[in-house]
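> I am sharing input_2.pdb, which consists of PDB, C-alpha atoms:
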ATOM      1  CA  MET A  15      -7.978   5.276  23.639
ATOM      2  CA  SER A  16     -10.734   5.949  26.129
ATOM      3  CA  GLU A  17     -13.289   7.091  23.542
ATOM      4  CA  SER A  18     -14.469   5.094  20.530
ATOM      5  CA  LEU A  19     -15.570   6.465  17.191
ATOM      6  CA  SER A  20     -19.340   6.643  16.951
ATOM      7  CA  VAL A  21     -20.530   5.444  13.549
ATOM      8  CA  PRO A  22     -24.091   6.335  12.572
ATOM      9  CA  VAL A  23     -26.417   3.449  11.709
ATOM     10  CA  LEU A  24     -28.091   4.169   8.401
ATOM     11  CA  PRO A  25     -31.671   3.113   7.717
ATOM     12  CA  GLU A  26     -31.878   0.237   5.268
ATOM     13  CA  GLU A  27     -33.062   2.384   2.368
ATOM     14  CA  ALA A  28     -30.166   4.817   2.926
ATOM     15  CA  VAL A  29     -27.418   2.224   3.037
ATOM     16  CA  PRO A  30     -25.386   2.649  -0.136
ATOM     17  CA  LYS A  31     -24.979  -0.335  -2.369
ATOM     18  CA  ARG A  32     -21.413  -1.082  -3.340
ATOM     19  CA  SER A  33     -20.543  -0.397  -6.935
ATOM     20  CA  GLY A  34     -18.970  -3.741  -7.710
ATOM     21  CA  ALA A  35     -21.811  -6.024  -6.802
ATOM     22  CA  ASN A  36     -20.797  -8.895  -9.054
ATOM     23  CA  GLY A  37     -17.141  -9.289  -8.050
ATOM     24  CA  GLY A  38     -15.156 -12.088  -9.662
ATOM     25  CA  TRP A  39     -13.167 -11.265 -12.780
ATOM     26  CA  LYS A  40     -14.373  -7.671 -12.659
ATOM     27  CA  ASP A  41     -12.463  -7.145  -9.402
ATOM     28  CA  PHE A  42      -9.314  -8.351 -11.157
ATOM     29  CA  VAL A  43      -9.768  -5.964 -14.079
ATOM     30  CA  ALA A  44     -10.735  -2.930 -11.987
ATOM     31  CA  GLY A  45      -8.069  -3.673  -9.385
ATOM     32  CA  SER A  46      -5.289  -3.924 -11.970
ATOM     33  CA  LEU A  47      -6.229  -0.606 -13.573
ATOM     34  CA  ALA A  48      -6.507   1.036 -10.169
ATOM     35  CA  GLY A  49      -3.053  -0.237  -9.250
ATOM     36  CA  ALA A  50      -1.494   1.143 -12.417
ATOM     37  CA  ALA A  51      -3.040   4.554 -11.708
ATOM     38  CA  GLN A  52      -1.724   4.469  -8.146
ATOM     39  CA  VAL A  53       1.859   3.730  -9.193
ATOM     40  CA  ALA A  54       1.862   6.395 -11.898
ATOM     41  CA  VAL A  55       0.698   9.068  -9.460
ATOM     42  CA  GLY A  56       2.544   8.124  -6.297
ATOM     43  CA  HIS A  57       5.942   6.599  -7.093
ATOM     44  CA  PRO A  58       8.205   9.689  -6.810
ATOM     45  CA  LEU A  59       7.053  10.432  -3.258
ATOM     46  CA  ASP A  60       7.291   6.738  -2.427
ATOM     47  CA  THR A  61      10.976   6.888  -3.399
ATOM     48  CA  ILE A  62      11.503   9.802  -0.994
ATOM     49  CA  LYS A  63       9.711   7.868   1.747
ATOM     50  CA  VAL A  64      11.832   4.743   1.314
ATOM     51  CA  ARG A  65      15.114   6.686   1.199
ATOM     52  CA  MET A  66      14.240   8.525   4.395
ATOM     53  CA  GLN A  67      13.312   5.268   6.116
ATOM     54  CA  ILE A  68      16.567   3.551   5.201
ATOM     55  CA  GLY A  69      18.851   6.586   5.224
ATOM     56  CA  GLY A  70      17.951   7.408   8.821
ATOM     57  CA  ALA A  71      19.471  10.721   9.897
ATOM     58  CA  ALA A  72      21.264  11.234   6.566
ATOM     59  CA  PHE A  73      18.482  13.595   5.469
ATOM     60  CA  SER A  74      17.156  16.545   7.455
ATOM     61  CA  GLY A  75      13.680  16.084   6.010
ATOM     62  CA  PRO A  76      11.678  15.180   2.885
ATOM     63  CA  ILE A  77      12.604  18.404   1.057
ATOM     64  CA  ASP A  78      16.305  17.744   1.677
ATOM     65  CA  CYS A  79      15.909  14.161   0.457
ATOM     66  CA  LEU A  80      14.070  15.334  -2.659
ATOM     67  CA  ALA A  81      16.629  18.032  -3.457
ATOM     68  CA  ARG A  82      19.635  15.749  -2.998
ATOM     69  CA  THR A  83      18.066  12.964  -5.037
ATOM     70  CA  VAL A  84      17.353  15.265  -7.974
ATOM     71  CA  ARG A  85      20.744  16.977  -7.696
ATOM     72  CA  ASN A  86      22.722  13.728  -7.624
ATOM     73  CA  GLU A  87      20.615  11.534  -9.919
ATOM     74  CA  GLY A  88      18.268  13.816 -11.815
ATOM     75  CA  ILE A  89      14.501  13.458 -12.057
ATOM     76  CA  ARG A  90      14.971   9.820 -13.080
ATOM     77  CA  GLY A  91      16.179   9.118  -9.541
ATOM     78  CA  LEU A  92      12.625   9.648  -8.280
ATOM     79  CA  TYR A  93      11.366   6.886 -10.559
ATOM     80  CA  LYS A  94      13.890   4.206  -9.624
ATOM     81  CA  GLY A  95      12.225   0.890  -8.909
ATOM     82  CA  MET A  96       9.014   1.923 -10.645
ATOM     83  CA  ALA A  97       9.122  -0.980 -13.080
ATOM     84  CA  SER A  98       8.655  -3.489 -10.275
ATOM     85  CA  PRO A  99       5.385  -2.124  -8.836
ATOM     86  CA  LEU A 100       4.134  -1.135 -12.291
ATOM     87  CA  ALA A 101       4.728  -4.629 -13.662
ATOM     88  CA  GLY A 102       3.368  -6.258 -10.526
ATOM     89  CA  CYS A 103       0.495  -3.881  -9.857
ATOM     90  CA  ALA A 104      -1.947  -5.781 -12.051
ATOM     91  CA  ALA A 105      -1.407  -8.994 -10.111
ATOM     92  CA  VAL A 106      -1.060  -7.377  -6.679
ATOM     93  CA  ASN A 107      -4.036  -5.042  -6.846
ATOM     94  CA  SER A 108      -6.335  -7.433  -8.665
ATOM     95  CA  LEU A 109      -5.599 -10.051  -6.008
ATOM     96  CA  LEU A 110      -6.097  -7.472  -3.260
ATOM     97  CA  PHE A 111      -9.489  -6.261  -4.455
ATOM     98  CA  TRP A 112     -10.675  -9.784  -5.232
ATOM     99  CA  ALA A 113      -9.682 -10.986  -1.743
ATOM    100  CA  TYR A 114     -11.386  -7.954  -0.201
ATOM    101  CA  SER A 115     -14.625  -8.630  -2.109
ATOM    102  CA  TYR A 116     -14.490 -12.300  -1.186
ATOM    103  CA  GLY A 117     -13.902 -11.398   2.465
ATOM    104  CA  LYS A 118     -17.051  -9.303   2.507
ATOM    105  CA  PHE A 119     -19.071 -12.030   0.792
ATOM    106  CA  ALA A 120     -17.800 -14.672   3.240
ATOM    107  CA  GLN A 121     -19.173 -12.626   6.147
ATOM    108  CA  THR A 122     -22.488 -11.443   4.699
ATOM    109  CA  GLY A 123     -23.361 -14.466   2.549
ATOM    110  CA  SER A 124     -24.596 -12.220  -0.251
ATOM    111  CA  LEU A 125     -23.114  -9.669  -2.607
ATOM    112  CA  ASP A 126     -26.308  -7.609  -2.260
ATOM    113  CA  VAL A 127     -25.899  -7.089   1.507
ATOM    114  CA  THR A 128     -23.951  -3.997   2.565
ATOM    115  CA  PRO A 129     -21.373  -5.050   5.188
ATOM    116  CA  THR A 130     -20.869  -3.194   8.444
ATOM    117  CA  LEU A 131     -17.687  -1.210   8.959
ATOM    118  CA  GLY A 132     -16.475  -3.962  11.299
ATOM    119  CA  GLN A 133     -16.910  -6.498   8.514
ATOM    120  CA  ILE A 134     -15.137  -4.118   6.131
ATOM    121  CA  ALA A 135     -12.155  -4.006   8.501
ATOM    122  CA  ILE A 136     -12.024  -7.815   8.792
ATOM    123  CA  ALA A 137     -12.251  -8.219   5.010
ATOM    124  CA  GLY A 138      -9.490  -5.642   4.563
ATOM    125  CA  ALA A 139      -7.221  -7.380   7.063
ATOM    126  CA  GLY A 140      -7.784 -10.720   5.340
ATOM    127  CA  ALA A 141      -7.083  -9.175   1.952
ATOM    128  CA  GLY A 142      -3.829  -7.811   3.372
ATOM    129  CA  ILE A 143      -2.702 -11.317   4.328
ATOM    130  CA  VAL A 144      -3.497 -12.707   0.874
ATOM    131  CA  ASN A 145      -1.968  -9.678  -0.821
ATOM    132  CA  SER A 146       1.343 -10.196   0.999
ATOM    133  CA  ILE A 147       2.102 -13.242  -1.135
ATOM    134  CA  LEU A 148       2.644 -11.041  -4.174
ATOM    135  CA  ALA A 149       3.283  -7.701  -2.488
ATOM    136  CA  SER A 150       6.324  -8.921  -0.555
ATOM    137  CA  PRO A 151       8.582  -9.718  -3.560
ATOM    138  CA  VAL A 152       7.315  -6.667  -5.483
ATOM    139  CA  GLU A 153       8.088  -4.404  -2.513
ATOM    140  CA  LEU A 154      11.483  -6.057  -2.043
ATOM    141  CA  ILE A 155      12.558  -5.314  -5.607
ATOM    142  CA  LYS A 156      11.170  -1.785  -5.443
ATOM    143  CA  VAL A 157      12.872  -0.906  -2.147
ATOM    144  CA  ARG A 158      16.287  -2.206  -3.178
ATOM    145  CA  LEU A 159      16.193  -0.431  -6.545
ATOM    146  CA  GLN A 160      14.977   2.824  -4.990
ATOM    147  CA  VAL A 161      18.095   3.174  -2.833
ATOM    148  CA  GLN A 162      20.572   2.401  -5.618
ATOM    149  CA  ASN A 163      23.078   5.204  -6.268
ATOM    150  CA  SER A 164      21.883   7.187  -3.253
ATOM    151  CA  THR A 165      25.086   8.678  -1.902
ATOM    152  CA  SER A 166      23.596   8.978   1.594
ATOM    153  CA  ILE A 167      22.496   5.352   1.939
ATOM    154  CA  GLU A 168      24.581   2.238   2.243
ATOM    155  CA  ALA A 169      23.452  -0.036  -0.555
ATOM    156  CA  SER A 170      24.625  -3.070  -2.479
ATOM    157  CA  ALA A 171      27.919  -2.698  -4.347
ATOM    158  CA  THR A 172      26.254  -4.310  -7.366
ATOM    159  CA  LEU A 173      24.235  -1.965  -9.564
ATOM    160  CA  PHE A 174      21.208  -3.670 -11.064
ATOM    161  CA  ARG A 175      19.802  -2.795 -14.470
ATOM    162  CA  GLY A 176      16.214  -3.395 -13.424
ATOM    163  CA  PRO A 177      13.800  -5.682 -11.558
ATOM    164  CA  VAL A 178      14.543  -8.826 -13.585
ATOM    165  CA  HIS A 179      18.291  -8.467 -13.085
ATOM    166  CA  LEU A 180      17.857  -7.925  -9.345
ATOM    167  CA  ALA A 181      15.322 -10.749  -8.906
ATOM    168  CA  THR A 182      17.598 -13.159 -10.763
ATOM    169  CA  HIS A 183      20.553 -12.141  -8.586
ATOM    170  CA  LEU A 184      18.574 -12.641  -5.350
ATOM    171  CA  ALA A 185      17.255 -16.032  -6.479
ATOM    172  CA  GLN A 186      20.712 -17.227  -7.440
ATOM    173  CA  GLN A 187      22.311 -16.004  -4.225
ATOM    174  CA  PHE A 188      19.634 -16.889  -1.657
ATOM    175  CA  GLY A 189      17.109 -19.128  -3.395
ATOM    176  CA  MET A 190      13.430 -18.703  -2.500
ATOM    177  CA  ARG A 191      14.430 -16.841   0.689
ATOM    178  CA  GLY A 192      15.844 -14.152  -1.554
ATOM    179  CA  ILE A 193      12.528 -13.706  -3.351
ATOM    180  CA  MET A 194      10.300 -13.810  -0.243
ATOM    181  CA  TRP A 195      12.729 -11.683   1.795
ATOM    182  CA  GLY A 196      10.770  -9.889   4.530
ATOM    183  CA  PHE A 197       7.503 -11.746   3.907
ATOM    184  CA  TRP A 198       6.366 -11.787   7.547
ATOM    185  CA  ALA A 199       7.268  -8.124   7.961
ATOM    186  CA  THR A 200       5.041  -7.451   4.959
ATOM    187  CA  VAL A 201       2.191  -9.448   6.518
ATOM    188  CA  ALA A 202       2.593  -7.545   9.792
ATOM    189  CA  ARG A 203       2.242  -4.287   7.866
ATOM    190  CA  GLU A 204      -0.569  -5.294   5.520
ATOM    191  CA  VAL A 205      -3.054  -6.534   8.149
ATOM    192  CA  PRO A 206      -3.602  -3.245  10.029
ATOM    193  CA  ALA A 207      -2.918  -1.192   6.905
ATOM    194  CA  TYR A 208      -5.700  -2.622   4.767
ATOM    195  CA  ALA A 209      -8.140  -2.910   7.646
ATOM    196  CA  ALA A 210      -7.762   0.856   8.060
ATOM    197  CA  PHE A 211      -7.551   1.512   4.302
ATOM    198  CA  TYR A 212     -10.908   0.040   3.382
ATOM    199  CA  THR A 213     -12.672   1.157   6.569
ATOM    200  CA  GLY A 214     -11.580   4.764   6.082
ATOM    201  CA  PHE A 215     -12.688   4.679   2.464
ATOM    202  CA  GLU A 216     -16.082   3.096   3.139
ATOM    203  CA  PHE A 217     -16.865   5.302   6.140
ATOM    204  CA  THR A 218     -16.139   8.469   4.145
ATOM    205  CA  LYS A 219     -17.924   7.240   1.029
ATOM    206  CA  ARG A 220     -21.067   6.434   2.999
ATOM    207  CA  ARG A 221     -21.084   9.803   4.728
ATOM    208  CA  LEU A 222     -20.597  11.604   1.405
ATOM    209  CA  ALA A 223     -23.337   9.490  -0.184
ATOM    210  CA  GLN A 224     -25.709  10.604   2.575
ATOM    211  CA  ALA A 225     -24.765  14.238   2.125
ATOM    212  CA  LEU A 226     -24.584  14.400  -1.670
ATOM    213  CA  ALA A 227     -26.516  11.529  -3.216
ATOM    214  CA  GLY A 228     -29.395  10.579  -0.931
ATOM    215  CA  GLY A 229     -27.473   7.609   0.426
ATOM    216  CA  ASP A 230     -26.774   6.054  -2.989
ATOM    217  CA  SER A 231     -23.005   5.747  -3.428
ATOM    218  CA  SER A 232     -23.425   4.671  -7.049
ATOM    219  CA  LYS A 233     -24.360   8.282  -7.812
ATOM    220  CA  LEU A 234     -21.143   9.714  -6.399
ATOM    221  CA  GLY A 235     -18.822  11.261  -8.966
ATOM    222  CA  ALA A 236     -15.080  11.005  -9.306
ATOM    223  CA  VAL A 237     -14.265  13.844  -6.889
ATOM    224  CA  PRO A 238     -16.175  12.445  -3.861
ATOM    225  CA  LEU A 239     -14.722   9.010  -4.598
ATOM    226  CA  MET A 240     -11.217  10.479  -4.731
ATOM    227  CA  CYS A 241     -11.833  12.272  -1.423
ATOM    228  CA  SER A 242     -12.976   8.993   0.134
ATOM    229  CA  GLY A 243      -9.925   7.214  -1.230
ATOM    230  CA  SER A 244      -7.640   9.916   0.124
ATOM    231  CA  VAL A 245      -9.044   9.418   3.621
ATOM    232  CA  GLY A 246      -8.467   5.691   3.196
ATOM    233  CA  GLY A 247      -4.856   6.339   2.204
ATOM    234  CA  ILE A 248      -4.209   8.520   5.247
ATOM    235  CA  CYS A 249      -5.737   5.833   7.467
ATOM    236  CA  TYR A 250      -3.530   3.212   5.785
ATOM    237  CA  TRP A 251      -0.245   4.940   6.632
ATOM    238  CA  THR A 252      -1.329   6.065  10.082
ATOM    239  CA  ALA A 253      -2.229   2.498  11.023
ATOM    240  CA  CYS A 254       0.956   0.833   9.783
ATOM    241  CA  TYR A 255       3.788   3.299   9.342
ATOM    242  CA  PRO A 256       6.217   2.029  12.026
ATOM    243  CA  LEU A 257       5.774  -1.483  10.606
ATOM    244  CA  ASP A 258       6.504  -0.157   7.120
ATOM    245  CA  VAL A 259       9.768   1.352   8.387
ATOM    246  CA  ILE A 260      10.725  -2.036   9.840
ATOM    247  CA  LYS A 261       9.843  -3.787   6.572
ATOM    248  CA  SER A 262      11.938  -1.394   4.486
ATOM    249  CA  ARG A 263      14.913  -1.817   6.798
ATOM    250  CA  VAL A 264      14.629  -5.622   6.731
ATOM    251  CA  GLN A 265      14.313  -5.747   2.944
ATOM    252  CA  ASN A 266      17.384  -3.565   2.452
ATOM    253  CA  ALA A 267      19.615  -5.609   4.800
ATOM    254  CA  ALA A 268      22.684  -7.481   3.577
ATOM    255  CA  ALA A 269      20.981 -10.887   3.733
ATOM    256  CA  PRO A 270      17.430 -12.218   4.175
ATOM    257  CA  PRO A 271      16.444 -12.922   7.794
ATOM    258  CA  ARG A 272      15.563 -16.271   9.319
ATOM    259  CA  GLY A 273      12.684 -17.102  11.642
ATOM    260  CA  LEU A 274      10.136 -14.575  12.935
ATOM    261  CA  GLY A 275      12.199 -12.764  15.553
ATOM    262  CA  TYR A 276      13.741 -10.437  12.971
ATOM    263  CA  ILE A 277      10.780  -8.042  13.170
ATOM    264  CA  ALA A 278      11.338  -7.356  16.870
ATOM    265  CA  SER A 279      15.103  -7.281  16.329
ATOM    266  CA  ALA A 280      14.808  -4.640  13.591
ATOM    267  CA  ALA A 281      12.490  -2.587  15.806
ATOM    268  CA  LYS A 282      15.034  -2.667  18.641
ATOM    269  CA  ASP A 283      17.820  -1.557  16.286
ATOM    270  CA  ILE A 284      15.773   1.382  15.005
ATOM    271  CA  MET A 285      14.878   2.422  18.550
ATOM    272  CA  LYS A 286      18.503   2.194  19.657
ATOM    273  CA  GLU A 287      19.876   4.168  16.704
ATOM    274  CA  GLN A 288      17.196   6.801  16.159
ATOM    275  CA  GLY A 289      14.678   6.640  18.989
ATOM    276  CA  VAL A 290      10.933   6.900  18.434
ATOM    277  CA  LYS A 291      11.494   9.382  15.589
ATOM    278  CA  GLY A 292      13.095   6.603  13.568
ATOM    279  CA  PHE A 293       9.734   4.852  13.238
ATOM    280  CA  PHE A 294       8.192   7.885  11.576
ATOM    281  CA  ARG A 295      10.909   9.016   9.168
ATOM    282  CA  GLY A 296       9.276   9.549   5.790
ATOM    283  CA  TYR A 297       5.758   9.662   7.250
ATOM    284  CA  THR A 298       5.003  13.103   5.805
ATOM    285  CA  PRO A 299       5.776  12.246   2.151
ATOM    286  CA  SER A 300       3.838   9.003   2.602
ATOM    287  CA  VAL A 301       0.703  10.820   3.721
ATOM    288  CA  VAL A 302       1.124  13.530   1.075
ATOM    289  CA  ARG A 303       1.566  10.825  -1.562
ATOM    290  CA  SER A 304      -1.472   8.889  -0.315
ATOM    291  CA  ILE A 305      -3.856  11.782  -0.912
ATOM    292  CA  PRO A 306      -3.682  11.684  -4.736
ATOM    293  CA  ALA A 307      -2.509   8.063  -5.046
ATOM    294  CA  ALA A 308      -5.193   6.421  -2.902
ATOM    295  CA  GLY A 309      -7.766   8.853  -4.249
ATOM    296  CA  VAL A 310      -6.986   7.826  -7.826
ATOM    297  CA  THR A 311      -6.875   4.139  -6.834
ATOM    298  CA  PHE A 312     -10.352   3.992  -5.356
ATOM    299  CA  ALA A 313     -11.946   6.334  -7.903
ATOM    300  CA  THR A 314     -10.531   4.227 -10.746
ATOM    301  CA  TYR A 315     -11.672   0.977  -9.129
ATOM    302  CA  GLU A 316     -15.197   2.183  -8.411
ATOM    303  CA  LEU A 317     -15.728   3.787 -11.812
ATOM    304  CA  VAL A 318     -14.343   0.806 -13.725
ATOM    305  CA  MET A 319     -16.569  -1.539 -11.706
ATOM    306  CA  ARG A 320     -19.591   0.572 -12.538
ATOM    307  CA  ALA A 321     -18.727   0.509 -16.225
ATOM    308  CA  LEU A 322     -18.245  -3.264 -16.181
ATOM    309  CA  ASN A 323     -21.490  -3.847 -14.288
ATOM    310  CA  ASP A 324     -23.417  -1.574 -16.651
ATOM    311  CA  ALA A 325     -21.981  -3.207 -19.772
ATOM    312  CA  LYS A 326     -24.449  -5.455 -21.515
TER     313      LYS A 326
END
If you took the structure in this file and wrote it as structure tokens, what would it be?

Amino acid sequence: MSESLSVPVLPEEAVPKRSGANGGWKDFVAGSLAGAAQVAVGHPLDTIKVRMQIGGAAFSGPIDCLARTVRNEGIRGLYKGMASPLAGCAAVNSLLFWAYSYGKFAQTGSLDVTPTLGQIAIAGAGAGIVNSILASPVELIKVRLQVQNSTSIEASATLFRGPVHLATHLAQQFGMRGIMWGFWATVAREVPAYAAFYTGFEFTKRRLAQALAGGDSSKLGAVPLMCSGSVGGICYWTACYPLDVIKSRVQNAAAPPRGLGYIASAAKDIMKEQGVKGFFRGYTPSVVRSIPAAGVTFATYELVMRALNDAK
């Protein structure tokens, strides 16, 4: 792009202090609750997104995918694979928010210094790398359960009762490779995704704090925080969506890949079969889902952190 986004420099007294100034165990608690809220709000649309990614041209669009899923499997079909992210969300999101807070501290040297948006992006990217360790197996289980019983998608002949059954099967059949299936594809997605996620959130939160709260973000209510989170969610998917398509395809393959070349190989296959459109199948439900899901995630995190910091 020939033009860069101009970000206003706030005077020191107007720079909003972050809500979770103490970090540590509080990031784990707030992050786990935020993750649970995100899964509860966003999982049905996530199922539509994954089925469109893997099903390719089998669906004419998200409405068709939704209608056929409900018709063939009932409402429960939209919640397939939910147990995996719900059970893992405490660990995944607590680790994510802790790593993000630590990344900011490592750059500024103090929890009382407000980081620049560039530092926010670096901290988010680093948190994405750390988060991949837990996110990769959780996403693997979720993706493979979400496509079970879909008549339009080629899936495993074995029907799994839930995440434990599937995880046990993968471990027995492929060993550790079966559990960390698609790890590097997850890393490739998480780095740009969380750099954009946190930057979009912080940029919007700071602008809203200027407009509504005299520059003090700790005075923002739930609605402005949800709006900021929604912008972060849109930025997340816009920054990483083609890589998410590749990850879903890799994690639903017949066997776990070897080496690092599988990411480029999967991209070539998608391009050959579906063209550029193949990298954006399911993008619309992802963005629609991110508006409430990311909004609830960040609002929950910020408000829980405030409550924990104010507790005596």
> What residues come out when you apply the PyMOL selection byres ((chain A and resi 239) around 9) to this file, written as a PyMOL selection string?
chain A and resi 215+218-219+222+231+234-238+240-244+309-310+312-314+316-317
> Which residues, named as in the file, does the PyMOL selection byres ((chain A and resi 263) around 10) pick out? Answer as a PyMOL selection string.
chain A and resi 64+67-70+157+196+199+257-262+264-267+277+280-281+283-284
> Considering all atoms listed in the file, return as a count of residues only whatever protein or nucleic-acid residues lie within 12 Å of A:Ala51, sequence-local ones (same chain, fewer than 5 positions apart) excluded.
20
> Please identify all polymer residues within 9 Å of A:Gly296, counting all atoms listed in the file, omitting same-chain residues fewer than 3 positions from it, and present them as a list in words.
Asp60, Ile62, Lys63, Val64, Arg65, Met66, Gln67, Gly75, Pro76, Val259, Phe293, Pro299, Ser300 and Val301 of chain A
> Extract, using all atoms listed in the file, all DNA, RNA and protein residues at most 7 Å from A:Phe211, discarding same-chain residues fewer than 2 positions from it, and format them as a list in words.
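Here the qualifying residues turn out to be Ala207, Tyr208, Ala209, Thr213, Gly214, Phe215, Gly246, Gly247, Cys249 and Tyr250 of chain A.
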> Excluding same-chain residues fewer than 6 positions from A:Trp39, what lies within 12 Å of it counting all atoms listed in the file, as a short mmCIF file (atom, residue, chain, number, x, y, z; two decimals) with C-alpha atoms, keeping the file's coordinate frame?

data_model
loop_
_atom_site.label_atom_id
_atom_site.label_comp_id
_atom_site.auth_asym_id
_atom_site.auth_seq_id
_atom_site.Cartn_x
_atom_site.Cartn_y
_atom_site.Cartn_z
CA GLY A 45 -8.07 -3.67 -9.38
CA SER A 46 -5.29 -3.92 -11.97
CA SER A 108 -6.34 -7.43 -8.66
CA LEU A 109 -5.60 -10.05 -6.01
CA PHE A 111 -9.49 -6.26 -4.46
CA TRP A 112 -10.68 -9.78 -5.23
CA ALA A 113 -9.68 -10.99 -1.74
CA SER A 115 -14.62 -8.63 -2.11
CA TYR A 116 -14.49 -12.30 -1.19
CA MET A 319 -16.57 -1.54 -11.71
CA LEU A 322 -18.24 -3.26 -16.18
CA ASN A 323 -21.49 -3.85 -14.29
#
> Would you compute the distance between atom CA of A:Ser124 and atom CA of A:Gly138? Give it in Å to one decimal.
17.2 Å
> Skip A:Ala181 itself and residues of its chain fewer than 2 positions away, then list as a PyMOL selection string all residues within 12 Å of it, counting only C-alpha atoms.
chain A and resi 98+151-156+158-159+174-179+183-195
> Using all atoms listed in the file, which residue out of A:Ile77, A:Leu92, A:Ile248, A:Ala137 lies closest to A:Val55?
A:Leu92
> For stretch 192-264 of chain A versus stretch 140-143 of chain A, which residues have an atom no more than 10 Å away, and what is each residue's nearest atom pair and distance in Å rounded to one decimal, using only C-alpha atoms, chain-then-number order, as a Markdown table?

| residue | atom | partner | partner_atom | distance |
| --- | --- | --- | --- | --- |
| A:Trp198 | CA | A:Ile143 | CA | 9.6 |
| A:Thr200 | CA | A:Ile143 | CA | 8.7 |
| A:Val201 | CA | A:Ile143 | CA | 5.7 |
| A:Ala202 | CA | A:Ile143 | CA | 8.5 |
| A:Arg203 | CA | A:Gly142 | CA | 8.3 |
| A:Glu204 | CA | A:Gly142 | CA | 4.6 |
| A:Val205 | CA | A:Gly142 | CA | 5.0 |
| A:Pro206 | CA | A:Gly142 | CA | 8.1 |
| A:Ala207 | CA | A:Gly142 | CA | 7.6 |
| A:Tyr208 | CA | A:Gly142 | CA | 5.7 |
| A:Ala209 | CA | A:Gly142 | CA | 7.8 |
> Just how far from atom CA of A:Val106 is atom CA of A:Ala149, in Å to one decimal?
6.0 Å
> Under the rule that all atoms listed in the file are counted, which of A:Val144, A:Phe217, A:Gly38, A:Gly95 is the nearest residue to A:Thr130?
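Smallest separation from A:Thr130 among the options: A:Phe217.
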> Provide the atom CA of A:Gly117 to atom CA of A:Gly228 distance in Å, to one decimal place.
27.1 Å
> Name the closest residue to A:Asn145 among the candidates A:Tyr93, A:Phe73, A:Phe294, A:Tyr114; distances are taken between atoms, counting all atoms listed in the file.
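Of A:Tyr93, A:Phe73, A:Phe294, A:Tyr114, the one nearest A:Asn145 is A:Tyr114, counting all atoms listed in the file.
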> Find the residue from A:Ala81, A:Arg220, A:Ala210, A:Phe42 that sits nearest to A:Gly132; use all atoms listed in the file when measuring.
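The closest residue to A:Gly132 is A:Ala210.
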